[in-house]
>>> print(open('final_21.txt').read())   # compact mmCIF, C-alpha atoms and all ligand atoms
# COMPACT_ATOMS: atom_id res chain seq x y z
CA MET A 1 -73.72 -132.41 -74.29
CA ASP A 2 -71.00 -133.88 -72.07
CA PRO A 3 -71.46 -132.03 -68.76
CA ALA A 4 -67.79 -132.47 -67.74
CA SER A 5 -66.30 -130.87 -70.83
CA GLY A 6 -69.23 -128.82 -72.09
CA ARG A 7 -68.60 -130.45 -75.46
CA ALA A 8 -71.34 -131.74 -77.71
CA GLY A 9 -70.43 -135.27 -78.83
CA PRO A 10 -67.19 -137.23 -78.54
CA PHE A 11 -63.69 -135.74 -78.41
CA ARG A 12 -62.60 -135.28 -82.02
CA ILE A 13 -59.08 -136.28 -83.09
CA ALA A 14 -57.45 -135.53 -86.43
CA ALA A 15 -54.20 -137.36 -87.16
CA LEU A 16 -51.33 -136.40 -89.46
CA ALA A 17 -49.20 -139.33 -90.58
CA SER A 18 -46.52 -139.97 -93.19
CA GLY A 19 -45.64 -143.63 -92.79
CA ARG A 20 -46.29 -146.93 -91.10
CA GLY A 21 -49.00 -145.62 -88.79
CA SER A 22 -48.46 -147.83 -85.76
CA ASN A 23 -49.13 -144.92 -83.39
CA LEU A 24 -52.31 -144.13 -85.29
CA GLN A 25 -53.26 -147.80 -84.95
CA ALA A 26 -52.74 -147.61 -81.18
CA LEU A 27 -55.30 -144.80 -81.03
CA ILE A 28 -57.72 -146.67 -83.30
CA ASP A 29 -57.39 -149.80 -81.15
CA ALA A 30 -57.83 -147.95 -77.84
CA ILE A 31 -61.00 -146.30 -79.13
CA ALA A 32 -62.32 -149.63 -80.43
CA ALA A 33 -61.54 -151.27 -77.07
CA GLY A 34 -63.40 -148.53 -75.23
CA THR A 35 -60.34 -147.39 -73.28
CA LEU A 36 -60.15 -144.03 -75.06
CA ASP A 37 -63.38 -142.08 -75.31
CA ALA A 38 -62.82 -140.25 -78.59
CA ARG A 39 -63.37 -140.41 -82.31
CA ILE A 40 -60.81 -140.06 -85.10
CA VAL A 41 -62.47 -137.74 -87.57
CA GLY A 42 -59.79 -137.65 -90.26
CA VAL A 43 -56.32 -138.88 -91.17
CA PHE A 44 -54.19 -136.60 -93.30
CA SER A 45 -50.96 -137.43 -95.07
CA ASP A 46 -48.23 -135.87 -97.17
CA ARG A 47 -47.38 -139.28 -98.69
CA PRO A 48 -49.84 -141.03 -101.00
CA GLY A 49 -48.55 -144.54 -100.27
CA ALA A 50 -48.45 -144.25 -96.46
CA ALA A 51 -49.57 -147.43 -94.70
CA ALA A 52 -51.26 -145.16 -92.16
CA LEU A 53 -53.85 -144.34 -94.83
CA GLU A 54 -54.71 -148.02 -95.26
CA ARG A 55 -55.06 -148.43 -91.51
CA ALA A 56 -57.40 -145.45 -91.43
CA ALA A 57 -59.48 -146.72 -94.34
CA ALA A 58 -59.73 -150.16 -92.71
CA ALA A 59 -61.15 -148.45 -89.63
CA GLY A 60 -63.64 -146.48 -91.72
CA ILE A 61 -61.90 -143.14 -91.15
CA GLU A 62 -61.91 -140.41 -93.80
CA THR A 63 -58.49 -139.69 -95.30
CA ALA A 64 -56.95 -136.97 -97.41
CA THR A 65 -53.50 -136.73 -98.98
CA LEU A 66 -51.74 -133.69 -100.35
CA ARG A 67 -48.39 -133.91 -102.09
CA PRO A 68 -45.82 -131.26 -101.17
CA LYS A 69 -44.48 -131.21 -104.73
CA ASP A 70 -47.81 -129.81 -105.91
CA PHE A 71 -47.19 -126.63 -103.92
CA ASP A 72 -44.65 -123.85 -104.42
CA ALA A 73 -43.89 -123.29 -100.76
CA ARG A 74 -44.26 -124.92 -97.37
CA VAL A 75 -46.69 -122.27 -96.12
CA GLU A 76 -48.97 -122.88 -99.09
CA PHE A 77 -48.90 -126.62 -98.55
CA ASP A 78 -49.72 -126.12 -94.86
CA ARG A 79 -52.50 -123.67 -95.66
CA ALA A 80 -54.15 -126.24 -97.93
CA MET A 81 -53.54 -129.11 -95.52
CA PHE A 82 -54.94 -127.27 -92.50
CA GLU A 83 -57.97 -126.08 -94.44
CA ARG A 84 -58.85 -129.76 -94.70
CA VAL A 85 -57.91 -130.49 -91.11
CA ASP A 86 -59.97 -127.55 -89.82
CA ALA A 87 -62.94 -128.78 -91.85
CA VAL A 88 -63.28 -131.87 -89.64
CA ARG A 89 -63.42 -129.60 -86.52
CA PRO A 90 -60.79 -131.42 -84.42
CA ASP A 91 -60.44 -130.91 -80.67
CA LEU A 92 -56.87 -132.21 -81.04
CA VAL A 93 -54.49 -132.78 -83.96
CA VAL A 94 -52.05 -135.64 -83.35
CA CYS A 95 -48.87 -135.79 -85.41
CA ALA A 96 -48.34 -139.55 -85.41
CA GLY A 97 -45.23 -140.12 -87.46
CA TYR A 98 -45.76 -136.97 -89.52
CA MET A 99 -42.36 -136.34 -91.05
CA ARG A 100 -42.79 -132.71 -92.09
CA LEU A 101 -41.95 -129.56 -90.23
CA ILE A 102 -45.13 -127.49 -89.94
CA SER A 103 -44.66 -123.82 -90.78
CA ALA A 104 -44.96 -121.18 -88.07
CA PRO A 105 -48.22 -119.57 -89.30
CA ALA A 106 -50.07 -122.90 -89.29
CA VAL A 107 -48.84 -123.76 -85.78
CA GLU A 108 -49.28 -120.31 -84.28
CA ALA A 109 -52.87 -120.05 -85.52
CA ARG A 110 -53.73 -123.18 -83.49
CA PRO A 111 -52.12 -122.84 -80.05
CA GLY A 112 -52.49 -125.95 -77.92
CA LEU A 113 -54.25 -127.86 -80.68
CA LEU A 114 -51.33 -129.91 -82.04
CA VAL A 115 -49.28 -132.59 -80.30
CA ASN A 116 -46.46 -134.73 -81.65
CA ILE A 117 -44.87 -137.99 -80.56
CA HIS A 118 -41.09 -138.00 -80.84
CA PRO A 119 -38.84 -141.02 -80.20
CA SER A 120 -36.46 -139.54 -77.64
CA LEU A 121 -36.44 -138.11 -74.15
CA LEU A 122 -36.66 -134.48 -75.19
CA PRO A 123 -34.84 -132.12 -75.07
CA HIS A 124 -32.27 -134.79 -75.99
CA PHE A 125 -31.93 -135.99 -79.57
CA LYS A 126 -34.24 -133.81 -81.65
CA GLY A 127 -34.71 -134.42 -85.36
CA LEU A 128 -34.03 -137.67 -87.20
CA HIS A 129 -32.18 -140.88 -86.30
CA THR A 130 -32.83 -140.46 -82.60
CA HIS A 131 -31.94 -144.05 -81.72
CA ARG A 132 -28.59 -143.73 -83.47
CA GLN A 133 -28.01 -140.41 -81.70
CA ALA A 134 -28.74 -142.01 -78.32
CA LEU A 135 -26.36 -144.92 -78.97
CA GLU A 136 -23.59 -142.63 -80.22
CA ALA A 137 -23.97 -140.43 -77.14
CA GLY A 138 -23.73 -143.46 -74.84
CA ALA A 139 -27.04 -142.55 -73.20
CA PRO A 140 -27.96 -144.97 -70.37
CA GLU A 141 -31.65 -144.55 -71.10
CA HIS A 142 -33.80 -143.48 -73.98
CA GLY A 143 -37.50 -143.26 -74.71
CA ALA A 144 -40.26 -141.18 -76.23
CA SER A 145 -41.97 -137.86 -75.58
CA VAL A 146 -45.32 -136.34 -76.45
CA HIS A 147 -45.15 -132.56 -76.73
CA TYR A 148 -47.20 -129.63 -77.92
CA VAL A 149 -46.10 -128.55 -81.38
CA THR A 150 -44.46 -125.17 -81.83
CA ALA A 151 -42.66 -123.80 -84.88
CA GLU A 152 -39.35 -125.09 -83.47
CA LEU A 153 -38.63 -128.67 -84.53
CA ASP A 154 -39.32 -131.03 -81.59
CA GLY A 155 -39.05 -127.97 -79.35
CA GLY A 156 -42.52 -127.44 -77.87
CA PRO A 157 -43.51 -127.98 -74.23
CA VAL A 158 -43.20 -131.65 -73.26
CA ILE A 159 -46.31 -133.24 -71.76
CA ALA A 160 -45.25 -136.79 -71.03
CA GLN A 161 -42.49 -139.35 -71.49
CA ALA A 162 -41.87 -143.09 -71.45
CA ARG A 163 -38.39 -144.33 -70.60
CA VAL A 164 -36.55 -147.49 -71.59
CA PRO A 165 -33.03 -148.67 -70.69
CA VAL A 166 -30.31 -148.81 -73.30
CA LEU A 167 -28.89 -152.33 -73.05
CA ALA A 168 -25.40 -153.61 -73.81
CA GLY A 169 -25.32 -154.88 -77.38
CA ASP A 170 -28.23 -152.71 -78.54
CA ASP A 171 -28.21 -151.65 -82.14
CA GLU A 172 -30.49 -149.00 -83.63
CA HIS A 173 -33.08 -151.58 -84.60
CA ALA A 174 -33.32 -153.22 -81.17
CA LEU A 175 -33.50 -149.87 -79.40
CA ALA A 176 -36.13 -148.52 -81.79
CA ALA A 177 -38.29 -151.58 -81.22
CA ARG A 178 -38.03 -151.23 -77.43
CA VAL A 179 -39.01 -147.55 -77.63
CA LEU A 180 -41.89 -148.22 -80.03
CA THR A 181 -43.60 -150.62 -77.63
CA ARG A 182 -43.72 -147.76 -75.11
CA GLU A 183 -44.73 -145.08 -77.64
CA HIS A 184 -48.13 -146.62 -78.19
CA PRO A 185 -49.37 -146.63 -74.58
CA LEU A 186 -47.68 -143.24 -74.02
CA LEU A 187 -49.63 -141.65 -76.87
CA VAL A 188 -52.92 -143.22 -75.82
CA GLU A 189 -52.55 -142.16 -72.18
CA THR A 190 -51.52 -138.61 -73.13
CA VAL A 191 -54.45 -138.21 -75.50
CA ARG A 192 -56.73 -139.59 -72.79
CA TRP A 193 -55.56 -136.92 -70.33
CA ILE A 194 -56.08 -134.20 -72.93
CA ALA A 195 -59.50 -135.55 -73.94
CA THR A 196 -60.67 -135.66 -70.34
CA GLY A 197 -59.53 -132.07 -69.82
CA ARG A 198 -56.75 -132.92 -67.35
CA VAL A 199 -53.96 -131.60 -69.61
CA HIS A 200 -53.97 -128.35 -71.53
CA LEU A 201 -51.60 -125.65 -72.74
CA HIS A 202 -51.87 -122.22 -71.12
CA GLU A 203 -49.46 -119.35 -71.77
CA HIS A 204 -46.94 -121.70 -73.42
CA ARG A 205 -46.90 -124.06 -70.43
CA VAL A 206 -48.40 -127.49 -69.97
CA HIS A 207 -50.96 -127.52 -67.16
CA VAL A 208 -52.24 -130.63 -65.41
CA ASP A 209 -55.41 -130.31 -63.38
CA GLY A 210 -55.02 -126.55 -63.65
CA VAL A 211 -51.47 -126.45 -62.23
CA PRO A 212 -48.32 -125.73 -64.31
CA LEU A 213 -46.38 -128.94 -64.92
CA ARG A 214 -42.82 -128.81 -63.52
CA ALA A 215 -41.52 -131.99 -65.19
CA PRO A 216 -43.07 -134.23 -67.85
CA LEU A 217 -45.58 -136.87 -66.74
CA GLN A 218 -43.95 -140.32 -66.67
CA LEU A 219 -45.59 -143.45 -68.01
CA GLY A 220 -45.54 -146.27 -65.47
CA SER A 221 -45.27 -149.97 -66.19
CA ASN A 222 -49.07 -150.12 -65.83
CA ASN A 223 -49.29 -147.77 -68.85
CA ARG A 224 -50.71 -144.99 -66.67
CA PHE A 225 -49.12 -141.80 -65.45
CA ALA A 226 -47.68 -142.10 -61.98
C1 LIG B 1 -42.43 -143.10 -84.38
O1 LIG B 1 -41.21 -143.54 -83.84
C2 LIG B 1 -42.72 -141.69 -83.95
O2 LIG B 1 -42.29 -141.41 -82.64
C3 LIG B 1 -41.90 -140.88 -84.92
O3 LIG B 1 -42.03 -141.57 -86.13
C4 LIG B 1 -42.33 -142.94 -85.89
C5 LIG B 1 -43.61 -143.21 -86.56
O4 LIG B 1 -44.04 -144.54 -86.42
N1 LIG B 1 -42.34 -139.50 -84.94
P1 LIG B 1 -45.50 -144.94 -86.86
O5 LIG B 1 -45.75 -144.39 -88.24
O6 LIG B 1 -46.47 -144.39 -85.84
O7 LIG B 1 -45.51 -146.45 -86.85
>>> encode(input="final_21.txt", output="structure tokens", more="lines below")
Ligand code: GRF
Amino acid sequence: MDPASGRAGPFRIAALASGRGSNLQALIDAIAAGTLDARIVGVFSDRPGAAALERAAAAGIETATLRPKDFDARVEFDRAMFERVDAVRPDLVVCAGYMRLISAPAVEARPGLLVNIHPSLLPHFKGLHTHRQALEAGAPEHGASVHYVTAELDGGPVIAQARVPVLAGDDEHALAARVLTREHPLLVETVRWIATGRVHLHEHRVHVDGVPLRAPLQLGSNNRFA
């Protein structure tokens, strides 16, 4: 039993991923390096060919894939998916490049359990093509956010952000690459604060050290929150 958390055994993370899996890899690497005291107990995907699944398998993590086309409705897909997720008894579910909207019943049954990383400074630029949206809006800065998942797309309470400048001559590709390098430490640091009990959701608000958060935590250049 960990006396600080009252938890038996390591902090248990389940990850949902649809694609490349670089954010998942950042968590795997931080755990392997001993900088994140946690265990990834399952990786779940809606896409059979996702590279994230190979990364998980290479790290010896159990995986499961369900195909949306095998289900009649989103709620049924989510019911089946979360049956599997619940079975690994996660302390936290990280949506790490999970490209599906999760239906309200699945989210509402698990308050404070799910977080998502989104490549924009929320509430700006929700949804897809966030880097293009930022360039088209002429935003002077851009970045990434980790937020608790609610039924509203990219709309849940924001925990933490990492900011990058938008530079003259940036195209979508260059901007995406700059943001991605900050997403990885942002996700690791946020999960670390949740795993150590410093961050939690209470009455729809993010709390840090027991106090309601007034503005998202900001990742410093040392990859820690200021
Ligand atoms: C990241 O930009 C993440 O913020 C967004 O989807 C992308 C996934 O990248 N939700 P990866 O699969 O983690 O490499």
>>> residues_near_ligand(input="final_21.txt", ligand="ligand LIG 1 (chain B)", cutoff="7 Å", atoms="all atoms listed in the file", output="number ranges by chain")
A: 17-24, 52, 96-99, 117-119, 144, 180, 183
>>> residues_around(input="final_21.txt", residues="range 149-159 of chain A", least_positions_apart="4", cutoff="8 Å", atoms="only C-alpha atoms", output="compact mmCIF listing (two decimals) with C-alpha atoms, in the coordinates of the input")
# COMPACT_ATOMS: atom_id res chain seq x y z
CA LEU A 101 -41.95 -129.56 -90.23
CA ILE A 102 -45.13 -127.49 -89.94
CA SER A 103 -44.66 -123.82 -90.78
CA ALA A 104 -44.96 -121.18 -88.07
CA VAL A 107 -48.84 -123.76 -85.78
CA GLU A 108 -49.28 -120.31 -84.28
CA GLY A 112 -52.49 -125.95 -77.92
CA LEU A 114 -51.33 -129.91 -82.04
CA VAL A 115 -49.28 -132.59 -80.30
CA ASN A 116 -46.46 -134.73 -81.65
CA HIS A 118 -41.09 -138.00 -80.84
CA LEU A 122 -36.66 -134.48 -75.19
CA PRO A 123 -34.84 -132.12 -75.07
CA LYS A 126 -34.24 -133.81 -81.65
CA GLY A 127 -34.71 -134.42 -85.36
CA SER A 145 -41.97 -137.86 -75.58
CA THR A 190 -51.52 -138.61 -73.13
CA HIS A 204 -46.94 -121.70 -73.42
CA ARG A 205 -46.90 -124.06 -70.43
CA VAL A 206 -48.40 -127.49 -69.97
CA PRO A 216 -43.07 -134.23 -67.85
CA LEU A 217 -45.58 -136.87 -66.74
>>> closest_residue(input="final_21.txt", among="A:Ala195, A:Arg132, A:His202, A:Arg182", to="Asp170 in chain A", atoms="only C-alpha atoms")
A:Arg132
>>> residues_around(input="final_21.txt", residues="Thr35 in chain A", least_positions_apart="2", cutoff="12 Å", atoms="only C-alpha atoms", output="ChimeraX atom specification")
/A:26-33,37-39,185,188-189,191-193,195,223-224
>>> atom_distance(input="final_21.txt", atom1="CA of Phe71 in chain A", atom2="CA of Thr130 in chain A")
29.2 Å
>>> residues_near_point(input="final_21.txt", point="(-63.5, -141.2, -93.3)", cutoff="9 Å", atoms="only C-alpha atoms", output="list of chain:residue names")
A:Ile40, A:Val41, A:Gly42, A:Val43, A:Ala56, A:Ala57, A:Ala59, A:Gly60, A:Ile61, A:Glu62, A:Thr63, A:Ala64
>>> atom_distance(input="final_21.txt", atom1="CA of Lys69 in chain A", atom2="CA of Arg110 in chain A")
24.5 Å
>>> closest_residue(input="final_21.txt", among="A:Val93, A:Leu66, A:Val179, A:Pro111", to="Ala80 in chain A", atoms="only C-alpha atoms")
A:Leu66
>>> atom_distance(input="final_21.txt", atom1="CA of Phe225 in chain A", atom2="CA of Val208 in chain A")
11.6 Å
>>> closest_residue(input="final_21.txt", among="A:Ala168, A:Pro90, A:Ser120, A:Ala162", to="His184 in chain A", atoms="all atoms listed in the file")
A:Ala162
